[in-house]
>>> print(open('work19.cif').read())   # mmCIF, C-alpha atoms
data_input
loop_
_atom_site.label_atom_id
_atom_site.label_comp_id
_atom_site.auth_asym_id
_atom_site.auth_seq_id
_atom_site.Cartn_x
_atom_site.Cartn_y
_atom_site.Cartn_z
CA MET Y 1181 13.32 18.45 33.73
CA GLU Y 1182 15.24 17.89 30.49
CA ASN Y 1183 12.91 18.10 27.53
CA SER Y 1184 15.38 17.40 24.75
CA ASP Y 1185 14.04 13.93 23.90
CA LYS Y 1186 10.64 13.37 25.43
CA LYS Y 1187 9.23 16.57 24.03
CA VAL Y 1188 6.13 17.54 25.95
CA ARG Y 1189 5.83 21.08 24.67
CA LYS Y 1190 4.85 23.72 27.14
CA ALA Y 1191 3.72 27.34 27.40
CA ALA Y 1192 4.41 29.48 30.48
CA ILE Y 1193 2.74 32.89 30.57
CA VAL Y 1194 2.95 35.73 33.09
CA VAL Y 1195 -0.40 37.54 33.32
CA HIS Y 1196 0.65 40.91 34.73
CA SER Y 1197 -2.04 43.11 33.14
CA GLY Y 1198 -5.62 43.26 34.32
CA THR Y 1199 -7.44 44.81 31.38
CA VAL Y 1200 -10.03 42.63 29.70
CA ASP Y 1201 -8.20 42.63 26.35
CA LYS Y 1202 -4.95 41.39 27.90
CA VAL Y 1203 -6.57 38.82 30.22
CA MET Y 1204 -8.58 37.53 27.23
CA SER Y 1205 -5.44 37.32 25.08
CA ALA Y 1206 -3.67 35.32 27.77
CA LEU Y 1207 -6.57 32.89 28.05
CA ILE Y 1208 -7.11 32.61 24.29
CA ILE Y 1209 -3.42 31.83 23.77
CA GLY Y 1210 -3.49 29.42 26.72
CA ASN Y 1211 -6.56 27.63 25.37
CA GLY Y 1212 -5.01 27.51 21.90
CA ALA Y 1213 -1.84 25.96 23.30
CA LEU Y 1214 -3.79 23.35 25.29
CA ALA Y 1215 -5.99 22.54 22.28
CA MET Y 1216 -2.84 21.86 20.27
CA GLY Y 1217 -1.50 19.43 22.86
CA LEU Y 1218 0.89 21.68 24.78
CA GLU Y 1219 0.89 22.02 28.55
CA CYS Y 1220 0.21 25.52 29.83
CA THR Y 1221 0.83 27.44 33.05
CA LEU Y 1222 -0.51 30.94 33.66
CA PHE Y 1223 1.22 32.86 36.46
CA PHE Y 1224 -1.20 35.59 37.61
CA THR Y 1225 0.54 38.54 39.24
CA PHE Y 1226 0.01 42.27 39.92
CA TRP Y 1227 -3.08 43.61 38.05
CA GLY Y 1228 -3.61 40.22 36.43
CA LEU Y 1229 -4.13 38.56 39.80
CA SER Y 1230 -6.26 41.46 40.95
CA ALA Y 1231 -8.51 40.89 37.92
CA LEU Y 1232 -8.92 37.25 38.93
CA ARG Y 1233 -10.77 38.22 42.13
CA LYS Y 1234 -14.29 36.82 42.07
CA GLU Y 1235 -15.98 40.20 42.22
CA LYS Y 1236 -13.83 41.67 39.45
CA LEU Y 1237 -14.02 39.02 36.75
CA ASN Y 1238 -17.18 40.40 35.17
CA SER Y 1239 -16.13 44.01 35.11
CA LEU Y 1240 -12.58 44.16 33.84
CA PRO Y 1241 -11.63 47.53 32.37
CA LEU Y 1242 -10.63 47.81 28.77
CA SER Y 1243 -7.12 49.09 28.29
CA ARG Y 1244 -6.82 52.83 27.96
CA MET Y 1245 -6.59 52.37 24.23
CA ASN Y 1246 -10.28 52.35 23.47
CA PHE Y 1247 -9.81 55.18 21.00
CA PHE Y 1248 -12.19 53.75 18.46
CA GLY Y 1249 -14.98 54.42 20.91
CA LEU Y 1250 -15.44 50.80 21.90
CA GLY Y 1251 -16.51 51.07 25.52
CA ARG Y 1252 -16.96 47.99 27.69
CA ILE Y 1253 -20.67 47.51 27.09
CA MET Y 1254 -20.28 47.90 23.33
CA MET Y 1255 -17.36 45.48 23.39
CA SER Y 1256 -19.46 42.92 25.33
CA LYS Y 1257 -22.28 43.24 22.81
CA ILE Y 1258 -19.93 42.72 19.88
CA MET Y 1259 -18.26 39.79 21.63
CA ARG Y 1260 -21.63 38.11 22.21
CA LYS Y 1261 -22.65 38.72 18.62
CA HIS Y 1262 -19.45 37.15 17.31
CA ASN Y 1263 -19.48 34.25 19.78
CA VAL Y 1264 -16.30 35.38 21.48
CA ALA Y 1265 -16.29 33.93 24.98
CA THR Y 1266 -16.15 36.10 28.11
CA PRO Y 1267 -13.09 35.94 30.39
CA ARG Y 1268 -15.11 33.80 32.83
CA ARG Y 1269 -16.02 31.31 30.10
CA LEU Y 1270 -12.45 31.27 28.76
CA LEU Y 1271 -11.20 30.48 32.27
CA LYS Y 1272 -13.66 27.60 32.58
CA ASP Y 1273 -12.52 26.19 29.24
CA TYR Y 1274 -8.89 26.69 30.25
CA LYS Y 1275 -9.31 24.61 33.39
CA GLU Y 1276 -11.31 21.91 31.59
CA LEU Y 1277 -8.55 21.59 29.00
CA GLY Y 1278 -6.07 20.95 31.82
CA GLY Y 1279 -4.50 24.40 32.12
CA LYS Y 1280 -2.65 25.27 35.33
CA ILE Y 1281 -2.94 28.56 37.24
CA ILE Y 1282 -0.43 29.85 39.80
CA ALA Y 1283 -1.38 32.86 41.94
CA CYS Y 1284 1.53 35.14 42.91
CA GLU Y 1285 1.98 35.16 46.68
CA MET Y 1286 3.87 38.47 46.69
CA THR Y 1287 0.98 40.19 44.92
CA MET Y 1288 -1.53 38.73 47.39
CA SER Y 1289 0.51 40.17 50.20
CA LEU Y 1290 1.12 43.56 48.50
CA MET Y 1291 -2.46 44.06 47.36
CA LYS Y 1292 -4.02 42.40 50.38
CA ILE Y 1293 -5.82 39.82 48.24
CA LYS Y 1294 -7.15 36.94 50.37
CA GLU Y 1295 -7.48 33.35 49.18
CA SER Y 1296 -11.20 33.67 49.88
CA GLN Y 1297 -11.43 36.41 47.23
CA LEU Y 1298 -10.19 34.00 44.57
CA ASP Y 1299 -12.14 31.11 43.08
CA GLU Y 1300 -10.36 28.11 44.56
CA SER Y 1301 -11.52 25.91 41.68
CA LEU Y 1302 -9.30 27.99 39.40
CA ILE Y 1303 -6.06 28.14 41.42
CA ASP Y 1304 -3.69 25.17 41.30
CA SER Y 1305 -1.11 26.68 43.60
CA TYR Y 1306 0.15 29.81 45.28
CA GLY Y 1307 3.75 30.51 44.43
CA THR Y 1308 6.65 32.87 44.02
CA VAL Y 1309 8.43 33.93 40.85
CA GLY Y 1310 10.48 30.74 41.28
CA SER Y 1311 7.39 28.71 40.39
CA PHE Y 1312 7.13 30.61 37.11
CA VAL Y 1313 10.82 30.25 36.27
CA TYR Y 1314 10.60 26.53 37.07
CA GLU Y 1315 7.89 26.09 34.43
CA ALA Y 1316 9.30 28.60 31.95
CA LYS Y 1317 12.82 27.16 31.79
CA ASP Y 1318 11.47 24.11 29.95
CA ALA Y 1319 8.75 25.89 27.98
CA GLN Y 1320 8.90 26.57 24.26
CA ILE Y 1321 6.46 29.48 24.53
CA THR Y 1322 7.10 32.11 27.23
CA LEU Y 1323 5.15 35.36 27.26
CA PHE Y 1324 4.66 38.35 29.56
CA ILE Y 1325 1.18 39.80 29.10
CA MET K 753 26.30 29.19 20.52
CA GLU K 754 24.53 25.82 20.24
CA ASN K 755 22.88 24.95 23.50
CA SER K 756 21.57 21.51 22.61
CA ASP K 757 24.05 19.59 24.74
CA LYS K 758 25.79 21.84 27.21
CA LYS K 759 22.61 23.32 28.55
CA VAL K 760 23.33 26.59 30.30
CA ARG K 761 19.80 27.87 30.51
CA LYS K 762 19.22 31.50 29.85
CA ALA K 763 16.62 34.26 30.09
CA ALA K 764 16.60 37.28 27.75
CA ILE K 765 14.13 40.03 28.60
CA VAL K 766 13.30 43.30 26.81
CA VAL K 767 12.41 46.00 29.35
CA HIS K 768 10.40 48.42 27.22
CA SER K 769 8.05 49.81 29.90
CA GLY K 770 9.09 52.32 32.51
CA THR K 771 6.37 52.02 35.14
CA VAL K 772 7.48 50.79 38.54
CA ASP K 773 5.29 47.68 38.40
CA LYS K 774 6.76 46.56 35.07
CA VAL K 775 10.39 47.41 35.94
CA MET K 776 9.94 45.54 39.24
CA SER K 777 8.45 42.53 37.45
CA ALA K 778 11.39 42.42 35.04
CA LEU K 779 13.88 42.55 37.92
CA ILE K 780 11.99 40.06 40.08
CA ILE K 781 11.84 37.58 37.20
CA GLY K 782 15.49 38.26 36.37
CA ASN K 783 16.55 37.70 39.97
CA GLY K 784 14.41 34.57 40.16
CA ALA K 785 16.06 33.19 37.03
CA LEU K 786 19.57 33.96 38.33
CA ALA K 787 18.77 32.43 41.73
CA MET K 788 17.72 29.22 39.95
CA GLY K 789 20.99 29.00 38.07
CA LEU K 790 20.02 30.52 34.72
CA GLU K 791 21.93 33.29 33.01
CA CYS K 792 19.95 36.48 32.43
CA THR K 793 20.20 39.50 30.14
CA LEU K 794 17.93 42.53 30.45
CA PHE K 795 17.79 44.75 27.36
CA PHE K 796 16.59 48.19 28.52
CA THR K 797 14.94 50.20 25.74
CA PHE K 798 12.40 53.02 25.27
CA TRP K 799 10.65 53.93 28.58
CA GLY K 800 12.50 51.12 30.35
CA LEU K 801 15.86 52.72 29.61
CA SER K 802 14.48 56.13 30.47
CA ALA K 803 13.47 54.75 33.89
CA LEU K 804 17.02 53.56 34.45
CA ARG K 805 18.37 57.14 34.50
CA LYS K 806 19.90 57.89 37.87
CA GLU K 807 17.50 60.70 38.72
CA LYS K 808 14.42 58.65 37.77
CA LEU K 809 14.99 55.37 39.60
CA ASN K 810 13.38 56.49 42.84
CA SER K 811 10.32 58.07 41.32
CA LEU K 812 8.99 55.67 38.71
CA PRO K 813 5.32 56.16 37.92
CA LEU K 814 2.86 53.40 38.60
CA SER K 815 1.10 52.20 35.48
CA ARG K 816 -2.14 53.99 34.70
CA MET K 817 -3.98 51.07 36.21
CA ASN K 818 -3.92 52.23 39.81
CA PHE K 819 -7.70 51.97 39.95
CA PHE K 820 -7.73 50.44 43.41
CA GLY K 821 -6.50 53.71 44.75
CA LEU K 822 -2.94 52.56 45.31
CA GLY K 823 -0.91 55.71 44.64
CA ARG K 824 2.88 55.63 44.60
CA ILE K 825 3.40 56.63 48.20
CA MET K 826 0.85 54.11 49.44
CA MET K 827 2.47 51.43 47.26
CA SER K 828 5.91 52.26 48.71
CA LYS K 829 4.56 52.01 52.26
CA ILE K 830 2.97 48.65 51.57
CA MET K 831 6.14 47.42 49.85
CA ARG K 832 8.25 48.38 52.86
CA LYS K 833 5.80 46.74 55.23
CA HIS K 834 5.89 43.49 53.25
CA ASN K 835 9.65 43.53 52.71
CA VAL K 836 9.34 43.87 48.95
CA ALA K 837 12.53 45.44 47.65
CA THR K 838 12.59 48.75 45.77
CA PRO K 839 13.65 48.84 42.09
CA ARG K 840 17.06 50.19 43.19
CA ARG K 841 17.60 47.31 45.62
CA LEU K 842 16.37 44.76 43.07
CA LEU K 843 18.89 46.15 40.56
CA LYS K 844 21.71 45.83 43.09
CA ASP K 845 20.73 42.22 43.80
CA TYR K 846 20.43 41.55 40.08
CA LYS K 847 24.00 42.70 39.44
CA GLU K 848 25.38 40.83 42.46
CA LEU K 849 23.76 37.64 41.21
CA GLY K 850 25.59 38.07 37.91
CA GLY K 851 22.80 39.53 35.78
CA LYS K 852 23.72 41.39 32.60
CA ILE K 853 22.23 44.71 31.43
CA ILE K 854 22.37 46.07 27.88
CA ALA K 855 21.33 49.69 27.25
CA CYS K 856 19.67 50.34 23.86
CA GLU K 857 21.79 52.73 21.80
CA MET K 858 18.90 53.76 19.55
CA THR K 859 16.86 54.84 22.57
CA MET K 860 19.80 56.83 23.95
CA SER K 861 20.01 58.65 20.67
CA LEU K 862 16.22 59.14 20.29
CA MET K 863 15.62 60.28 23.86
CA LYS K 864 18.92 62.11 24.21
CA ILE K 865 19.99 59.99 27.17
CA LYS K 866 23.71 60.39 27.92
CA GLU K 867 25.95 57.68 29.36
CA SER K 868 26.59 60.03 32.28
CA GLN K 869 22.87 59.88 33.16
CA LEU K 870 23.09 56.12 33.67
CA ASP K 871 24.79 54.35 36.54
CA GLU K 872 27.84 52.82 34.86
CA SER K 873 28.09 50.13 37.52
CA LEU K 874 24.79 48.76 36.20
CA ILE K 875 25.42 48.74 32.44
CA ASP K 876 27.44 45.90 30.91
CA SER K 877 27.21 47.16 27.37
CA TYR K 878 25.52 49.54 24.97
CA GLY K 879 23.98 47.72 22.04
CA THR K 880 21.44 47.47 19.27
CA VAL K 881 18.53 45.08 18.90
CA GLY K 882 21.07 42.64 17.46
CA SER K 883 22.60 42.28 20.92
CA PHE K 884 19.20 41.24 22.26
CA VAL K 885 18.50 38.78 19.44
CA TYR K 886 21.98 37.30 19.92
CA GLU K 887 21.16 36.47 23.55
CA ALA K 888 17.52 35.57 22.95
CA LYS K 889 18.13 33.04 20.17
CA ASP K 890 19.68 30.65 22.71
CA ALA K 891 17.45 31.56 25.65
CA GLN K 892 14.73 29.32 27.04
CA ILE K 893 12.87 32.29 28.57
CA THR K 894 12.25 35.33 26.36
CA LEU K 895 9.91 38.10 27.51
CA PHE K 896 8.91 41.60 26.40
CA ILE K 897 7.92 43.69 29.44
CA MET S 1135 8.16 20.44 12.92
CA GLU S 1136 10.96 19.10 15.14
CA ASN S 1137 13.80 21.58 15.31
CA SER S 1138 16.21 19.59 17.46
CA ASP S 1139 18.68 18.82 14.67
CA LYS S 1140 18.09 21.01 11.65
CA LYS S 1141 18.10 24.23 13.62
CA VAL S 1142 16.35 26.94 11.67
CA ARG S 1143 15.91 29.42 14.47
CA LYS S 1144 12.68 31.29 14.63
CA ALA S 1145 10.94 34.21 16.34
CA ALA S 1146 7.15 34.34 16.86
CA ILE S 1147 5.77 37.60 18.18
CA VAL S 1148 2.22 38.62 19.14
CA VAL S 1149 1.64 42.30 18.33
CA HIS S 1150 -1.28 43.14 20.62
CA SER S 1151 -0.52 46.83 21.27
CA GLY S 1152 -1.15 49.59 18.76
CA THR S 1153 0.97 52.44 20.06
CA VAL S 1154 3.79 53.57 17.81
CA ASP S 1155 6.50 52.69 20.33
CA LYS S 1156 5.26 49.09 20.69
CA VAL S 1157 4.61 48.53 16.97
CA MET S 1158 8.08 49.92 16.23
CA SER S 1159 9.65 47.67 18.86
CA ALA S 1160 7.96 44.63 17.34
CA LEU S 1161 9.21 45.53 13.86
CA ILE S 1162 12.71 46.45 15.01
CA ILE S 1163 13.04 43.13 16.85
CA GLY S 1164 11.54 41.29 13.86
CA ASN S 1165 13.95 42.96 11.45
CA GLY S 1166 16.85 42.28 13.80
CA ALA S 1167 15.92 38.60 13.96
CA LEU S 1168 15.60 38.33 10.16
CA ALA S 1169 18.90 40.15 9.65
CA MET S 1170 20.57 37.58 11.90
CA GLY S 1171 19.21 34.69 9.90
CA LEU S 1172 16.20 33.70 11.96
CA GLU S 1173 12.72 33.25 10.53
CA CYS S 1174 10.08 35.56 11.98
CA THR S 1175 6.30 35.60 12.24
CA LEU S 1176 4.34 38.57 13.59
CA PHE S 1177 0.77 37.80 14.68
CA PHE S 1178 -1.15 41.08 14.64
CA THR S 1179 -4.16 41.08 16.96
CA PHE S 1180 -6.38 43.54 18.91
CA TRP S 1181 -4.94 47.09 18.83
CA GLY S 1182 -1.90 45.86 16.93
CA LEU S 1183 -4.06 44.75 14.01
CA SER S 1184 -6.11 47.91 14.26
CA ALA S 1185 -2.89 49.92 13.87
CA LEU S 1186 -2.06 47.99 10.72
CA ARG S 1187 -5.08 49.47 8.88
CA LYS S 1188 -3.93 51.52 5.92
CA GLU S 1189 -5.38 54.78 7.18
CA LYS S 1190 -3.86 54.36 10.65
CA LEU S 1191 -0.25 53.49 9.92
CA ASN S 1192 0.94 57.08 9.72
CA SER S 1193 -0.82 58.32 12.82
CA LEU S 1194 -0.22 55.77 15.54
CA PRO S 1195 -0.60 57.18 19.04
CA LEU S 1196 2.34 57.18 21.40
CA SER S 1197 1.74 55.17 24.53
CA ARG S 1198 0.26 57.11 27.40
CA MET S 1199 3.72 57.35 28.87
CA ASN S 1200 4.87 60.45 27.05
CA PHE S 1201 5.65 62.13 30.35
CA PHE S 1202 8.89 63.64 29.15
CA GLY S 1203 6.87 65.84 26.86
CA LEU S 1204 7.69 63.94 23.70
CA GLY S 1205 4.50 64.33 21.67
CA ARG S 1206 4.04 62.55 18.34
CA ILE S 1207 5.27 65.37 16.12
CA MET S 1208 8.38 65.93 18.26
CA MET S 1209 9.03 62.18 18.27
CA SER S 1210 8.76 62.07 14.46
CA LYS S 1211 11.20 64.95 14.12
CA ILE S 1212 13.70 63.28 16.41
CA MET S 1213 13.27 59.98 14.61
CA ARG S 1214 13.98 61.61 11.25
CA LYS S 1215 16.98 63.41 12.66
CA HIS S 1216 18.43 60.17 14.02
CA ASN S 1217 17.57 58.11 10.93
CA VAL S 1218 15.13 55.89 12.81
CA ALA S 1219 12.71 54.44 10.29
CA THR S 1220 8.96 55.03 10.49
CA PRO S 1221 6.61 52.08 11.14
CA ARG S 1222 5.71 52.06 7.41
CA ARG S 1223 9.36 51.84 6.39
CA LEU S 1224 10.09 49.20 9.03
CA LEU S 1225 7.19 47.13 7.66
CA LYS S 1226 8.54 47.40 4.13
CA ASP S 1227 11.99 46.26 5.29
CA TYR S 1228 10.39 43.47 7.31
CA LYS S 1229 8.63 42.07 4.25
CA GLU S 1230 11.70 42.45 2.04
CA LEU S 1231 13.76 40.50 4.57
CA GLY S 1232 11.24 37.66 4.32
CA GLY S 1233 9.20 38.31 7.46
CA LYS S 1234 5.72 36.76 7.74
CA ILE S 1235 2.59 38.52 8.99
CA ILE S 1236 -0.59 36.81 10.19
CA ALA S 1237 -3.72 38.91 10.77
CA CYS S 1238 -5.98 37.72 13.60
CA GLU S 1239 -9.39 36.71 12.22
CA MET S 1240 -11.14 37.06 15.57
CA THR S 1241 -9.99 40.68 15.87
CA MET S 1242 -11.17 41.43 12.32
CA SER S 1243 -14.57 40.13 13.26
CA LEU S 1244 -14.69 41.86 16.68
CA MET S 1245 -13.45 45.22 15.45
CA LYS S 1246 -15.14 45.03 12.06
CA ILE S 1247 -11.85 45.36 10.19
CA LYS S 1248 -12.24 44.41 6.52
CA GLU S 1249 -9.53 42.83 4.37
CA SER S 1250 -9.78 45.88 2.12
CA GLN S 1251 -8.67 48.08 5.04
CA LEU S 1252 -5.40 46.18 5.27
CA ASP S 1253 -2.51 46.36 2.81
CA GLU S 1254 -2.67 42.96 1.13
CA SER S 1255 1.01 43.13 0.21
CA LEU S 1256 1.78 42.94 3.94
CA ILE S 1257 -0.49 40.08 5.03
CA ASP S 1258 0.65 36.50 4.43
CA SER S 1259 -2.42 34.89 5.96
CA TYR S 1260 -5.48 35.38 8.10
CA GLY S 1261 -5.51 33.04 11.05
CA THR S 1262 -6.61 32.13 14.54
CA VAL S 1263 -4.53 31.84 17.68
CA GLY S 1264 -3.73 28.31 16.51
CA SER S 1265 -1.62 29.78 13.70
CA PHE S 1266 0.43 31.65 16.29
CA VAL S 1267 0.85 28.63 18.57
CA TYR S 1268 1.87 26.52 15.55
CA GLU S 1269 4.75 28.92 14.82
CA ALA S 1270 5.61 29.65 18.46
CA LYS S 1271 5.95 26.04 19.59
CA ASP S 1272 9.14 25.71 17.51
CA ALA S 1273 10.41 29.25 18.02
CA GLN S 1274 13.38 30.16 20.21
CA ILE S 1275 12.12 33.73 20.66
CA THR S 1276 8.48 34.25 21.64
CA LEU S 1277 7.24 37.66 22.72
CA PHE S 1278 3.91 39.38 23.47
CA ILE S 1279 4.12 43.06 22.64
#
>>> encode(input="work19.cif", output="structure tokens")
Amino acid sequence: MENSDKKVRKAAIVVHSGTVDKVMSALIIGNGALAMGLECTLFFTFWGLSALRKEKLNSLPLSRMNFFGLGRIMMSKIMRKHNVATPRRLLKDYKELGGKIIACEMTMSLMKIKESQLDESLIDSYGTVGSFVYEAKDAQITLFI
Amino acid sequence: MENSDKKVRKAAIVVHSGTVDKVMSALIIGNGALAMGLECTLFFTFWGLSALRKEKLNSLPLSRMNFFGLGRIMMSKIMRKHNVATPRRLLKDYKELGGKIIACEMTMSLMKIKESQLDESLIDSYGTVGSFVYEAKDAQITLFI
Amino acid sequence: MENSDKKVRKAAIVVHSGTVDKVMSALIIGNGALAMGLECTLFFTFWGLSALRKEKLNSLPLSRMNFFGLGRIMMSKIMRKHNVATPRRLLKDYKELGGKIIACEMTMSLMKIKESQLDESLIDSYGTVGSFVYEAKDAQITLFI
């Protein structure tokens, strides 16, 4: 629990938002942290957990701020052209790099999300905010996205 | 000021957003941190401080992302059914657990919020961003919500 | 790289949002951190980087949450009246205080932002998420705005 000497650095990130730009940012930062040797836990809650449902992952909304006229289809085209991975691909990489995902139990209850609606190969555990705090209290990088 | 040896762990959270989902997340994380023995400071600023006004606390807007058709009334019903506390109740618990709240003076000036519009039993101090940085520089968990 | 003994405290902040309230918050927190002797790195990405384009800096949109009827012009008037600096002024102060800015290369590619559209006196380097993680892993304050 003490990380003063044996420094395994860690990132703990709350994924509260469900827009494709925010979910992508969370995964890109998570993958970057893992690639640089840190541990990483993503705590999916509220709209973030909702976006993780199997039927939603391919159709996440952009945030409201698409004022440059970048709609979703345009954005997908540009992403493909520039070899930016999709959220689904980023998630796969995240798990392969050893990233951990906690699904928020309160959100599942509030939004009536069933375990069967989530991809069980992605979820490491179902937990409360305590699970996030437990990881975050020893993490160097903590973010709310 | 140095927390290298006598580790009292701490969370310092900026509450910038004023939607009910974000204010609830801030309070749920704050309460979780306090319940696990950490200290916690919430720095309410911009829309977050605006949401803390006495007449607003019971009618916080959902974020724009209510695309599953969860309006505020529906959300309240579901929250009651699942025993999820309201923002007002979460605030009460937060204070009883020893949580600290700083109200942003710049926001009060910008948005013409008067001390009399805030519940004085909630506010520990009125401060600038320096008050937040002072807490955050020794905190293990720092979030911007 | 180890900051256990020689404590130079540091803040590392992702600026993902491009609304004036969020960009201002990032800069105000950054300036506060610098003024209190911390180092600070802002990693501008997505809408945050888009807002940093020279032609955008004076016309950043407010977040959608302007439900108290504070439009941009009104907000600017109030800010002037209360001596709150504009984003452009805050950026100037940030640089003069020694703050560091990294522009996200992936975003430049995705959103077709050219180096010539950014003010080169502001940008210290162009980097990937790895540049952010490198700074953040030794930072006491990490935020996603």
>>> interface_residues(input="work19.cif", of="chain K", to="chain S", cutoff="12 Å", atoms="only C-alpha atoms", output="PDB file with C-alpha atoms, in the frame of the given file")
ATOM      1  CA  MET K 753      26.300  29.190  20.520  1.00  0.00           C
ATOM      2  CA  GLU K 754      24.530  25.820  20.240  1.00  0.00           C
ATOM      3  CA  ASN K 755      22.880  24.950  23.500  1.00  0.00           C
ATOM      4  CA  SER K 756      21.570  21.510  22.610  1.00  0.00           C
ATOM      5  CA  ASP K 757      24.050  19.590  24.740  1.00  0.00           C
ATOM      6  CA  LYS K 762      19.220  31.500  29.850  1.00  0.00           C
ATOM      7  CA  ALA K 763      16.620  34.260  30.090  1.00  0.00           C
ATOM      8  CA  ALA K 764      16.600  37.280  27.750  1.00  0.00           C
ATOM      9  CA  ILE K 765      14.130  40.030  28.600  1.00  0.00           C
ATOM     10  CA  VAL K 766      13.300  43.300  26.810  1.00  0.00           C
ATOM     11  CA  VAL K 767      12.410  46.000  29.350  1.00  0.00           C
ATOM     12  CA  HIS K 768      10.400  48.420  27.220  1.00  0.00           C
ATOM     13  CA  SER K 769       8.050  49.810  29.900  1.00  0.00           C
ATOM     14  CA  GLY K 770       9.090  52.320  32.510  1.00  0.00           C
ATOM     15  CA  THR K 771       6.370  52.020  35.140  1.00  0.00           C
ATOM     16  CA  PHE K 795      17.790  44.750  27.360  1.00  0.00           C
ATOM     17  CA  PHE K 796      16.590  48.190  28.520  1.00  0.00           C
ATOM     18  CA  THR K 797      14.940  50.200  25.740  1.00  0.00           C
ATOM     19  CA  PHE K 798      12.400  53.020  25.270  1.00  0.00           C
ATOM     20  CA  TRP K 799      10.650  53.930  28.580  1.00  0.00           C
ATOM     21  CA  GLY K 800      12.500  51.120  30.350  1.00  0.00           C
ATOM     22  CA  SER K 802      14.480  56.130  30.470  1.00  0.00           C
ATOM     23  CA  ALA K 803      13.470  54.750  33.890  1.00  0.00           C
ATOM     24  CA  LYS K 808      14.420  58.650  37.770  1.00  0.00           C
ATOM     25  CA  LEU K 812       8.990  55.670  38.710  1.00  0.00           C
ATOM     26  CA  PRO K 813       5.320  56.160  37.920  1.00  0.00           C
ATOM     27  CA  LEU K 814       2.860  53.400  38.600  1.00  0.00           C
ATOM     28  CA  SER K 815       1.100  52.200  35.480  1.00  0.00           C
ATOM     29  CA  ARG K 816      -2.140  53.990  34.700  1.00  0.00           C
ATOM     30  CA  MET K 817      -3.980  51.070  36.210  1.00  0.00           C
ATOM     31  CA  CYS K 856      19.670  50.340  23.860  1.00  0.00           C
ATOM     32  CA  GLU K 857      21.790  52.730  21.800  1.00  0.00           C
ATOM     33  CA  MET K 858      18.900  53.760  19.550  1.00  0.00           C
ATOM     34  CA  THR K 859      16.860  54.840  22.570  1.00  0.00           C
ATOM     35  CA  MET K 860      19.800  56.830  23.950  1.00  0.00           C
ATOM     36  CA  SER K 861      20.010  58.650  20.670  1.00  0.00           C
ATOM     37  CA  LEU K 862      16.220  59.140  20.290  1.00  0.00           C
ATOM     38  CA  MET K 863      15.620  60.280  23.860  1.00  0.00           C
ATOM     39  CA  LYS K 864      18.920  62.110  24.210  1.00  0.00           C
ATOM     40  CA  ILE K 865      19.990  59.990  27.170  1.00  0.00           C
ATOM     41  CA  THR K 880      21.440  47.470  19.270  1.00  0.00           C
ATOM     42  CA  VAL K 881      18.530  45.080  18.900  1.00  0.00           C
ATOM     43  CA  GLY K 882      21.070  42.640  17.460  1.00  0.00           C
ATOM     44  CA  SER K 883      22.600  42.280  20.920  1.00  0.00           C
ATOM     45  CA  PHE K 884      19.200  41.240  22.260  1.00  0.00           C
ATOM     46  CA  VAL K 885      18.500  38.780  19.440  1.00  0.00           C
ATOM     47  CA  TYR K 886      21.980  37.300  19.920  1.00  0.00           C
ATOM     48  CA  GLU K 887      21.160  36.470  23.550  1.00  0.00           C
ATOM     49  CA  ALA K 888      17.520  35.570  22.950  1.00  0.00           C
ATOM     50  CA  LYS K 889      18.130  33.040  20.170  1.00  0.00           C
ATOM     51  CA  ASP K 890      19.680  30.650  22.710  1.00  0.00           C
ATOM     52  CA  ALA K 891      17.450  31.560  25.650  1.00  0.00           C
ATOM     53  CA  GLN K 892      14.730  29.320  27.040  1.00  0.00           C
ATOM     54  CA  ILE K 893      12.870  32.290  28.570  1.00  0.00           C
ATOM     55  CA  THR K 894      12.250  35.330  26.360  1.00  0.00           C
ATOM     56  CA  LEU K 895       9.910  38.100  27.510  1.00  0.00           C
ATOM     57  CA  PHE K 896       8.910  41.600  26.400  1.00  0.00           C
ATOM     58  CA  ILE K 897       7.920  43.690  29.440  1.00  0.00           C
TER      59      ILE K 897
END
>>> residues_around(input="work19.cif", residues="Y:Asn1238", least_positions_apart="3", cutoff="9 Å", atoms="only C-alpha atoms", output="number ranges by chain")
Y: 1234-1235, 1266-1268
>>> closest_residue(input="work19.cif", among="K:Asp871, K:Leu801, K:Ser877, K:Gly789", to="K:Lys852", atoms="only C-alpha atoms")
K:Ser877
>>> atom_distance(input="work19.cif", atom1="atom CA of K:Ala837", atom2="atom CA of Y:Val1200")
29.0 Å
>>> atom_distance(input="work19.cif", atom1="atom CA of K:Leu870", atom2="atom CA of S:Leu1224")
28.7 Å
>>> atom_distance(input="work19.cif", atom1="atom CA of Y:Ile1303", atom2="atom CA of Y:Met1204")
17.2 Å
